[in-house]
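With compact mmCIF, N, CA and C atoms inside, this is target-v7.txt:
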```txt
# COMPACT_ATOMS: atom_id res chain seq x y z
N MET Y 1 43.57 33.81 62.79
CA MET Y 1 43.72 33.43 61.40
C MET Y 1 45.15 33.78 60.95
N LEU Y 2 45.69 32.97 60.07
CA LEU Y 2 47.08 33.12 59.64
C LEU Y 2 47.18 33.70 58.23
N VAL Y 3 48.35 34.21 57.92
CA VAL Y 3 48.63 34.75 56.58
C VAL Y 3 48.34 33.71 55.52
N ARG Y 4 48.69 32.46 55.75
CA ARG Y 4 48.46 31.41 54.74
C ARG Y 4 46.98 31.26 54.40
N ASP Y 5 46.11 31.63 55.34
CA ASP Y 5 44.67 31.52 55.11
C ASP Y 5 44.14 32.67 54.25
N ALA Y 6 44.85 33.78 54.21
CA ALA Y 6 44.38 34.98 53.51
C ALA Y 6 45.13 35.27 52.23
N MET Y 7 46.36 34.79 52.12
CA MET Y 7 47.22 35.19 50.99
C MET Y 7 46.72 34.65 49.66
N SER Y 8 47.07 35.39 48.64
CA SER Y 8 46.83 34.92 47.28
C SER Y 8 48.05 34.11 46.86
N THR Y 9 47.80 32.95 46.30
CA THR Y 9 48.92 32.14 45.83
C THR Y 9 49.23 32.42 44.37
N VAL Y 10 48.50 33.35 43.78
CA VAL Y 10 48.79 33.80 42.42
C VAL Y 10 49.89 34.84 42.55
N VAL Y 11 51.12 34.44 42.28
CA VAL Y 11 52.27 35.34 42.41
C VAL Y 11 52.77 35.66 41.02
N LEU Y 12 52.56 36.88 40.61
CA LEU Y 12 53.08 37.33 39.32
C LEU Y 12 54.54 37.71 39.52
N THR Y 13 55.41 37.06 38.78
CA THR Y 13 56.84 37.36 38.84
C THR Y 13 57.28 37.92 37.51
N ILE Y 14 57.96 39.07 37.57
CA ILE Y 14 58.48 39.71 36.36
C ILE Y 14 59.97 39.93 36.53
N GLY Y 15 60.63 40.28 35.43
CA GLY Y 15 62.05 40.59 35.47
C GLY Y 15 62.26 42.09 35.57
N PRO Y 16 63.45 42.49 35.94
CA PRO Y 16 63.74 43.91 36.10
C PRO Y 16 63.70 44.70 34.80
N ALA Y 17 63.81 44.02 33.65
CA ALA Y 17 63.82 44.72 32.36
C ALA Y 17 62.42 44.91 31.77
N HIS Y 18 61.41 44.36 32.41
CA HIS Y 18 60.04 44.60 31.92
C HIS Y 18 59.77 46.11 31.96
N THR Y 19 59.05 46.60 30.96
CA THR Y 19 58.64 48.00 31.01
C THR Y 19 57.46 48.11 31.98
N LEU Y 20 57.20 49.33 32.42
CA LEU Y 20 56.06 49.53 33.30
C LEU Y 20 54.75 49.19 32.59
N ARG Y 21 54.67 49.45 31.29
CA ARG Y 21 53.46 49.09 30.55
C ARG Y 21 53.27 47.56 30.54
N GLN Y 22 54.36 46.84 30.30
CA GLN Y 22 54.26 45.38 30.32
C GLN Y 22 53.85 44.88 31.71
N ALA Y 23 54.44 45.45 32.74
CA ALA Y 23 54.10 45.05 34.10
C ALA Y 23 52.63 45.35 34.39
N ALA Y 24 52.18 46.53 33.99
CA ALA Y 24 50.78 46.91 34.23
C ALA Y 24 49.83 45.98 33.48
N ALA Y 25 50.17 45.63 32.26
CA ALA Y 25 49.31 44.73 31.48
C ALA Y 25 49.23 43.35 32.13
N LEU Y 26 50.35 42.85 32.61
CA LEU Y 26 50.36 41.54 33.28
C LEU Y 26 49.58 41.59 34.60
N MET Y 27 49.77 42.66 35.36
CA MET Y 27 49.05 42.81 36.62
C MET Y 27 47.55 42.92 36.36
N SER Y 28 47.17 43.67 35.35
CA SER Y 28 45.76 43.82 35.01
C SER Y 28 45.15 42.50 34.58
N ALA Y 29 45.86 41.77 33.72
CA ALA Y 29 45.34 40.49 33.22
C ALA Y 29 45.14 39.48 34.36
N ARG Y 30 45.99 39.53 35.36
CA ARG Y 30 45.89 38.59 36.48
C ARG Y 30 45.11 39.16 37.65
N ARG Y 31 44.67 40.43 37.51
CA ARG Y 31 43.88 41.11 38.53
C ARG Y 31 44.59 41.13 39.88
N VAL Y 32 45.89 41.53 39.84
CA VAL Y 32 46.67 41.66 41.06
C VAL Y 32 47.23 43.08 41.13
N GLY Y 33 47.53 43.52 42.33
CA GLY Y 33 48.01 44.88 42.53
C GLY Y 33 49.51 44.98 42.72
N ALA Y 34 50.21 43.85 42.61
CA ALA Y 34 51.66 43.87 42.81
C ALA Y 34 52.30 42.71 42.06
N ALA Y 35 53.55 42.92 41.69
CA ALA Y 35 54.33 41.87 41.04
C ALA Y 35 55.65 41.72 41.79
N VAL Y 36 56.07 40.48 41.94
CA VAL Y 36 57.38 40.21 42.51
C VAL Y 36 58.38 40.40 41.38
N VAL Y 37 59.43 41.16 41.65
CA VAL Y 37 60.48 41.39 40.66
C VAL Y 37 61.69 40.57 41.07
N HIS Y 38 62.01 39.60 40.24
CA HIS Y 38 63.14 38.71 40.51
C HIS Y 38 64.30 39.14 39.63
N ASP Y 39 65.38 39.55 40.28
CA ASP Y 39 66.57 39.99 39.56
C ASP Y 39 67.72 39.04 39.89
N PRO Y 40 67.96 38.06 39.01
CA PRO Y 40 69.01 37.08 39.31
C PRO Y 40 70.40 37.71 39.40
N ASP Y 41 70.63 38.81 38.68
CA ASP Y 41 71.94 39.46 38.73
C ASP Y 41 72.17 40.16 40.06
N ALA Y 42 71.11 40.78 40.60
CA ALA Y 42 71.23 41.47 41.88
C ALA Y 42 71.05 40.50 43.05
N GLY Y 43 70.54 39.30 42.74
CA GLY Y 43 70.40 38.28 43.76
C GLY Y 43 69.32 38.55 44.78
N GLY Y 44 68.25 39.20 44.36
CA GLY Y 44 67.22 39.49 45.34
C GLY Y 44 65.84 39.54 44.75
N ILE Y 45 64.90 39.72 45.65
CA ILE Y 45 63.50 39.83 45.29
C ILE Y 45 63.02 41.22 45.67
N GLY Y 46 62.31 41.85 44.76
CA GLY Y 46 61.71 43.14 45.04
C GLY Y 46 60.23 43.08 44.73
N ILE Y 47 59.56 44.21 44.89
CA ILE Y 47 58.13 44.27 44.60
C ILE Y 47 57.83 45.56 43.84
N LEU Y 48 56.99 45.43 42.84
CA LEU Y 48 56.50 46.56 42.05
C LEU Y 48 55.00 46.58 42.24
N THR Y 49 54.47 47.72 42.68
CA THR Y 49 53.04 47.80 42.94
C THR Y 49 52.37 48.76 41.96
N GLU Y 50 51.05 48.69 41.95
CA GLU Y 50 50.28 49.59 41.11
C GLU Y 50 50.58 51.04 41.47
N ARG Y 51 50.85 51.32 42.73
CA ARG Y 51 51.19 52.68 43.16
C ARG Y 51 52.51 53.13 42.54
N ASP Y 52 53.48 52.22 42.43
CA ASP Y 52 54.77 52.57 41.80
C ASP Y 52 54.56 52.98 40.35
N ILE Y 53 53.71 52.25 39.65
CA ILE Y 53 53.42 52.57 38.25
C ILE Y 53 52.69 53.89 38.15
N LEU Y 54 51.71 54.09 39.01
CA LEU Y 54 50.94 55.32 39.03
C LEU Y 54 51.83 56.53 39.31
N ASN Y 55 52.74 56.40 40.26
CA ASN Y 55 53.66 57.49 40.58
C ASN Y 55 54.53 57.85 39.38
N SER Y 56 55.01 56.86 38.67
CA SER Y 56 55.84 57.10 37.50
C SER Y 56 55.06 57.85 36.41
N VAL Y 57 53.87 57.35 36.11
CA VAL Y 57 53.05 58.00 35.08
C VAL Y 57 52.68 59.41 35.52
N GLY Y 58 52.38 59.58 36.80
CA GLY Y 58 52.05 60.90 37.33
C GLY Y 58 53.20 61.90 37.20
N LEU Y 59 54.42 61.40 37.19
CA LEU Y 59 55.59 62.26 37.00
C LEU Y 59 55.86 62.55 35.52
N GLY Y 60 55.03 61.97 34.64
CA GLY Y 60 55.21 62.20 33.21
C GLY Y 60 56.19 61.25 32.55
N GLN Y 61 56.59 60.20 33.26
CA GLN Y 61 57.53 59.24 32.69
C GLN Y 61 56.79 58.33 31.72
N ASP Y 62 57.50 57.86 30.73
CA ASP Y 62 56.92 57.04 29.67
C ASP Y 62 56.89 55.56 30.10
N PRO Y 63 55.70 54.98 30.27
CA PRO Y 63 55.63 53.58 30.70
C PRO Y 63 56.17 52.60 29.68
N ASP Y 64 56.39 53.07 28.46
CA ASP Y 64 56.96 52.18 27.44
C ASP Y 64 58.48 52.14 27.49
N THR Y 65 59.09 53.06 28.20
CA THR Y 65 60.55 53.06 28.31
C THR Y 65 61.05 52.88 29.74
N GLU Y 66 60.22 53.20 30.71
CA GLU Y 66 60.61 53.02 32.11
C GLU Y 66 60.64 51.52 32.43
N ARG Y 67 61.69 51.09 33.09
CA ARG Y 67 61.88 49.68 33.42
C ARG Y 67 61.51 49.41 34.88
N ALA Y 68 61.06 48.22 35.12
CA ALA Y 68 60.62 47.83 36.47
C ALA Y 68 61.71 48.06 37.51
N HIS Y 69 62.96 47.76 37.16
CA HIS Y 69 64.04 47.87 38.15
C HIS Y 69 64.18 49.27 38.72
N ALA Y 70 63.82 50.28 37.96
CA ALA Y 70 63.94 51.66 38.42
C ALA Y 70 62.85 52.05 39.42
N HIS Y 71 61.83 51.23 39.53
CA HIS Y 71 60.68 51.56 40.38
C HIS Y 71 60.38 50.47 41.41
N THR Y 72 61.23 49.49 41.47
CA THR Y 72 61.04 48.36 42.37
C THR Y 72 61.49 48.69 43.78
N THR Y 73 60.70 48.31 44.76
CA THR Y 73 61.12 48.40 46.15
C THR Y 73 61.95 47.17 46.44
N THR Y 74 63.19 47.41 46.86
CA THR Y 74 64.09 46.28 47.10
C THR Y 74 64.28 45.98 48.59
N ASP Y 75 63.92 46.94 49.45
CA ASP Y 75 64.02 46.67 50.89
C ASP Y 75 62.66 46.14 51.38
N VAL Y 76 62.34 44.97 50.87
CA VAL Y 76 61.03 44.36 51.06
C VAL Y 76 60.93 43.76 52.47
N VAL Y 77 59.76 43.94 53.07
CA VAL Y 77 59.44 43.25 54.30
C VAL Y 77 58.69 41.99 53.89
N PHE Y 78 59.21 40.86 54.29
CA PHE Y 78 58.61 39.59 53.94
C PHE Y 78 57.80 39.05 55.12
N ALA Y 79 56.73 38.35 54.79
CA ALA Y 79 55.91 37.69 55.80
C ALA Y 79 56.13 36.19 55.71
N ALA Y 80 55.85 35.52 56.79
CA ALA Y 80 55.84 34.06 56.80
C ALA Y 80 54.39 33.60 56.77
N PRO Y 81 54.12 32.45 56.17
CA PRO Y 81 52.74 31.96 56.13
C PRO Y 81 52.15 31.74 57.51
N THR Y 82 53.01 31.59 58.51
CA THR Y 82 52.55 31.32 59.87
C THR Y 82 52.31 32.59 60.69
N TRP Y 83 52.58 33.76 60.10
CA TRP Y 83 52.25 35.00 60.81
C TRP Y 83 50.74 35.08 61.01
N THR Y 84 50.34 35.74 62.07
CA THR Y 84 48.92 36.03 62.23
C THR Y 84 48.58 37.22 61.32
N LEU Y 85 47.30 37.37 61.03
CA LEU Y 85 46.89 38.54 60.23
C LEU Y 85 47.16 39.83 60.98
N GLU Y 86 47.12 39.79 62.30
CA GLU Y 86 47.45 40.96 63.10
C GLU Y 86 48.92 41.36 62.90
N GLU Y 87 49.80 40.37 62.85
CA GLU Y 87 51.22 40.66 62.61
C GLU Y 87 51.42 41.26 61.23
N ALA Y 88 50.74 40.72 60.24
CA ALA Y 88 50.85 41.25 58.88
C ALA Y 88 50.32 42.67 58.81
N ALA Y 89 49.16 42.91 59.42
CA ALA Y 89 48.57 44.25 59.42
C ALA Y 89 49.48 45.24 60.13
N HIS Y 90 50.09 44.82 61.21
CA HIS Y 90 51.03 45.70 61.93
C HIS Y 90 52.23 46.04 61.05
N ALA Y 91 52.79 45.05 60.37
CA ALA Y 91 53.94 45.31 59.49
C ALA Y 91 53.56 46.29 58.39
N MET Y 92 52.37 46.12 57.81
CA MET Y 92 51.92 47.02 56.75
C MET Y 92 51.72 48.43 57.27
N THR Y 93 51.08 48.55 58.42
CA THR Y 93 50.83 49.86 59.01
C THR Y 93 52.14 50.54 59.37
N HIS Y 94 53.02 49.81 59.99
CA HIS Y 94 54.32 50.35 60.41
C HIS Y 94 55.16 50.77 59.19
N GLY Y 95 55.12 49.96 58.12
CA GLY Y 95 55.94 50.24 56.94
C GLY Y 95 55.29 51.15 55.92
N GLY Y 96 53.97 51.35 56.04
CA GLY Y 96 53.27 52.24 55.10
C GLY Y 96 53.07 51.63 53.72
N PHE Y 97 52.82 50.33 53.67
CA PHE Y 97 52.58 49.67 52.38
C PHE Y 97 51.37 48.77 52.50
N ARG Y 98 50.90 48.26 51.33
CA ARG Y 98 49.66 47.49 51.28
C ARG Y 98 49.84 46.04 50.86
N HIS Y 99 51.05 45.63 50.56
CA HIS Y 99 51.31 44.24 50.11
C HIS Y 99 52.52 43.69 50.85
N LEU Y 100 52.44 42.42 51.19
CA LEU Y 100 53.57 41.69 51.75
C LEU Y 100 53.83 40.45 50.91
N VAL Y 101 55.07 40.25 50.53
CA VAL Y 101 55.45 39.02 49.86
C VAL Y 101 55.61 37.96 50.94
N VAL Y 102 55.00 36.82 50.72
CA VAL Y 102 55.06 35.73 51.69
C VAL Y 102 56.11 34.73 51.20
N LEU Y 103 57.12 34.51 52.05
CA LEU Y 103 58.19 33.57 51.70
C LEU Y 103 58.03 32.28 52.47
N GLU Y 104 58.26 31.19 51.75
CA GLU Y 104 58.30 29.88 52.38
C GLU Y 104 59.52 29.15 51.81
N ARG Y 105 60.40 28.75 52.70
CA ARG Y 105 61.67 28.13 52.30
C ARG Y 105 62.46 29.04 51.36
N GLY Y 106 62.41 30.34 51.58
CA GLY Y 106 63.18 31.29 50.80
C GLY Y 106 62.61 31.65 49.45
N GLU Y 107 61.45 31.11 49.11
CA GLU Y 107 60.82 31.36 47.80
C GLU Y 107 59.46 32.02 48.00
N PRO Y 108 59.06 32.92 47.06
CA PRO Y 108 57.73 33.52 47.16
C PRO Y 108 56.63 32.45 47.07
N ALA Y 109 55.80 32.40 48.09
CA ALA Y 109 54.69 31.44 48.14
C ALA Y 109 53.35 32.13 47.94
N GLY Y 110 53.35 33.45 48.07
CA GLY Y 110 52.11 34.19 47.93
C GLY Y 110 52.32 35.65 48.22
N ILE Y 111 51.24 36.39 48.11
CA ILE Y 111 51.22 37.80 48.47
C ILE Y 111 49.96 38.02 49.28
N VAL Y 112 50.10 38.75 50.36
CA VAL Y 112 48.94 39.11 51.16
C VAL Y 112 48.79 40.63 51.11
N SER Y 113 47.59 41.07 50.86
CA SER Y 113 47.31 42.50 50.75
C SER Y 113 46.37 42.94 51.86
N VAL Y 114 46.25 44.24 52.01
CA VAL Y 114 45.29 44.78 52.96
C VAL Y 114 43.90 44.26 52.63
N ARG Y 115 43.57 44.22 51.35
CA ARG Y 115 42.26 43.72 50.93
C ARG Y 115 42.04 42.27 51.38
N ASP Y 116 43.08 41.44 51.27
CA ASP Y 116 42.97 40.05 51.71
C ASP Y 116 42.66 39.97 53.20
N ILE Y 117 43.33 40.80 53.97
CA ILE Y 117 43.12 40.80 55.42
C ILE Y 117 41.72 41.27 55.76
N ILE Y 118 41.29 42.34 55.13
CA ILE Y 118 39.93 42.85 55.38
C ILE Y 118 38.90 41.80 55.04
N ARG Y 119 39.10 41.13 53.92
CA ARG Y 119 38.17 40.08 53.49
C ARG Y 119 38.02 39.00 54.57
N CYS Y 120 39.09 38.71 55.27
CA CYS Y 120 39.02 37.69 56.33
C CYS Y 120 38.40 38.24 57.61
N TRP Y 121 38.64 39.52 57.88
CA TRP Y 121 38.15 40.10 59.12
C TRP Y 121 36.68 40.52 59.07
N VAL Y 122 36.20 40.86 57.88
CA VAL Y 122 34.81 41.31 57.76
C VAL Y 122 33.98 40.14 57.25
N PRO Y 123 32.96 39.77 57.99
CA PRO Y 123 32.14 38.64 57.54
C PRO Y 123 31.52 38.91 56.18
N ALA Y 124 31.42 37.86 55.40
CA ALA Y 124 30.80 37.99 54.07
C ALA Y 124 29.36 38.48 54.26
N ARG Y 125 28.92 39.28 53.29
CA ARG Y 125 27.54 39.77 53.34
C ARG Y 125 26.58 38.60 53.24
N GLN Y 126 25.60 38.65 54.08
CA GLN Y 126 24.56 37.63 54.01
C GLN Y 126 23.40 38.21 53.22
N GLN Y 127 22.83 37.37 52.41
CA GLN Y 127 21.71 37.84 51.61
C GLN Y 127 20.52 38.12 52.52
N VAL Y 128 19.92 39.27 52.29
CA VAL Y 128 18.75 39.65 53.06
C VAL Y 128 17.52 39.25 52.25
N PRO Y 129 16.61 38.51 52.88
CA PRO Y 129 15.41 38.10 52.13
C PRO Y 129 14.60 39.32 51.69
N ALA Y 130 14.05 39.23 50.48
CA ALA Y 130 13.28 40.36 49.94
C ALA Y 130 11.90 40.41 50.51
```

For this file, write the structure as structure tokens.
Amino acid sequence: MLVRDAMSTVVLTIGPAHTLRQAAALMSARRVGAAVVHDPDAGGIGILTERDILNSVGLGQDPDTERAHAHTTTDVVFAAPTWTLEEAAHAMTHGGFRHLVVLERGEPAGIVSVRDIIRCWVPARQQVPA
């Protein structure tokens, strides 16, 4: 099975000036655990995850004043839609993260998470007759 079969095509993109509260609200509303941070001035794509927000709040930082750019991972490992799920899982395990931005033609096409991979690897529960 390939990354394209498991990835979510709902890609939340935010700017580097979004506050962490704004990012969290958008992530919550879309029920996603990560946002792609597009910074046209820096010329790159980063990722902000729920863990980044949690770490900031845990340090006592104010989510209303902390900006996404200060918490964005910029050395992102990107996946291709043609990667196998094994390749994606290996990259996540090796890098110690739970989300991969999937690029197609240089643009974000989706995000694949550990949860997406597990969902594909574990058969759906079958209803047991009562």

When DSSP is applied to the backbone of this structure, which of stretch 9-98 of chain Y are assigned strand (DSSP E or B)? Write them out as a count of residues only. 20

Practice problem: Using only N, CA and C atoms, collect all residues at a distance of at most 7 Å from (62.2, 46.5, 48.9) as written in the file, then present them as a PyMOL selection string. | Solution: chain Y and resi 45-47+72-77

### Task
Give me the residues within 8 Å of Y:Asp116 as an NGL selection string, counting all atoms listed in the file and dropping any in the same chain fewer than 6 places off.
:Y and (5-8)

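The residue set within 5 Å of stretch 80-87 of chain Y, counting all atoms listed in the file and dropping same-chain residues fewer than 4 places from it, reads Met1, Leu2, Val3, Arg4, Ala91 and Leu103 of chain Y.
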
Dump of N, CA and C atoms for the selected residues, as an mmCIF file, keeping the file's coordinate frame:
```
data_model
loop_
_atom_site.group_PDB
_atom_site.id
_atom_site.type_symbol
_atom_site.label_atom_id
_atom_site.label_comp_id
_atom_site.auth_asym_id
_atom_site.auth_seq_id
_atom_site.Cartn_x
_atom_site.Cartn_y
_atom_site.Cartn_z
ATOM 1 N N MET Y 1 43.570 33.810 62.790
ATOM 2 C CA MET Y 1 43.720 33.430 61.400
ATOM 3 C C MET Y 1 45.150 33.780 60.950
ATOM 4 N N LEU Y 2 45.690 32.970 60.070
ATOM 5 C CA LEU Y 2 47.080 33.120 59.640
ATOM 6 C C LEU Y 2 47.180 33.700 58.230
ATOM 7 N N VAL Y 3 48.350 34.210 57.920
ATOM 8 C CA VAL Y 3 48.630 34.750 56.580
ATOM 9 C C VAL Y 3 48.340 33.710 55.520
ATOM 10 N N ARG Y 4 48.690 32.460 55.750
ATOM 11 C CA ARG Y 4 48.460 31.410 54.740
ATOM 12 C C ARG Y 4 46.980 31.260 54.400
ATOM 13 N N ALA Y 91 52.790 45.050 60.370
ATOM 14 C CA ALA Y 91 53.940 45.310 59.490
ATOM 15 C C ALA Y 91 53.560 46.290 58.390
ATOM 16 N N LEU Y 103 57.120 34.510 52.050
ATOM 17 C CA LEU Y 103 58.190 33.570 51.700
ATOM 18 C C LEU Y 103 58.030 32.280 52.470
#
```

For Y:Asp62, please output as a PyMOL selection string all residues within 9 Å (counting only C-alpha atoms; exclusion window: fewer than 3 positions along the same chain).
chain Y and resi 20-21+56-57+65-66

Pick out each residue of stretch 27-116 of chain Y that DSSP on the backbone tags as alpha helix (DSSP H); I need them as a ChimeraX atom specification. /Y:27-30,50-58,85-95,114-116

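Rounded to one decimal, atom CA of Y:His71 and atom CA of Y:Ala34 lie 12.1 Å from each other.
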
(message) So the first atom is atom C of Y:His69 and the second is atom N of Y:His94; what is the distance between them in Å, to one decimal place?
(response)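 The value is 24.0 Å.
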
_Under the rule that all atoms listed in the file are counted, which of Y:Val36, Y:Gly60, Y:Leu54, Y:Cys120 is the nearest residue to Y:Val101?_
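Nearest candidate to Y:Val101 out of Y:Val36, Y:Gly60, Y:Leu54, Y:Cys120: Y:Val36.
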
Separating atom CA of Y:Ala68 from atom CA of Y:Thr13, to the nearest tenth of an Å, is a gap of 11.4 Å

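Nearest to Y:Met27 of all the residues Y:Ala109, Y:Pro40, Y:Gly96, Y:Leu12 is Y:Leu12, based on only N, CA and C atoms.
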
Would you pick out the contacts of Y:Arg67 at 8 Å or less, using only C-alpha atoms, so that residues sharing its chain but fewer than 4 positions from it are not included, and give the list as a PyMOL selection string? chain Y and resi 16-20+63+71
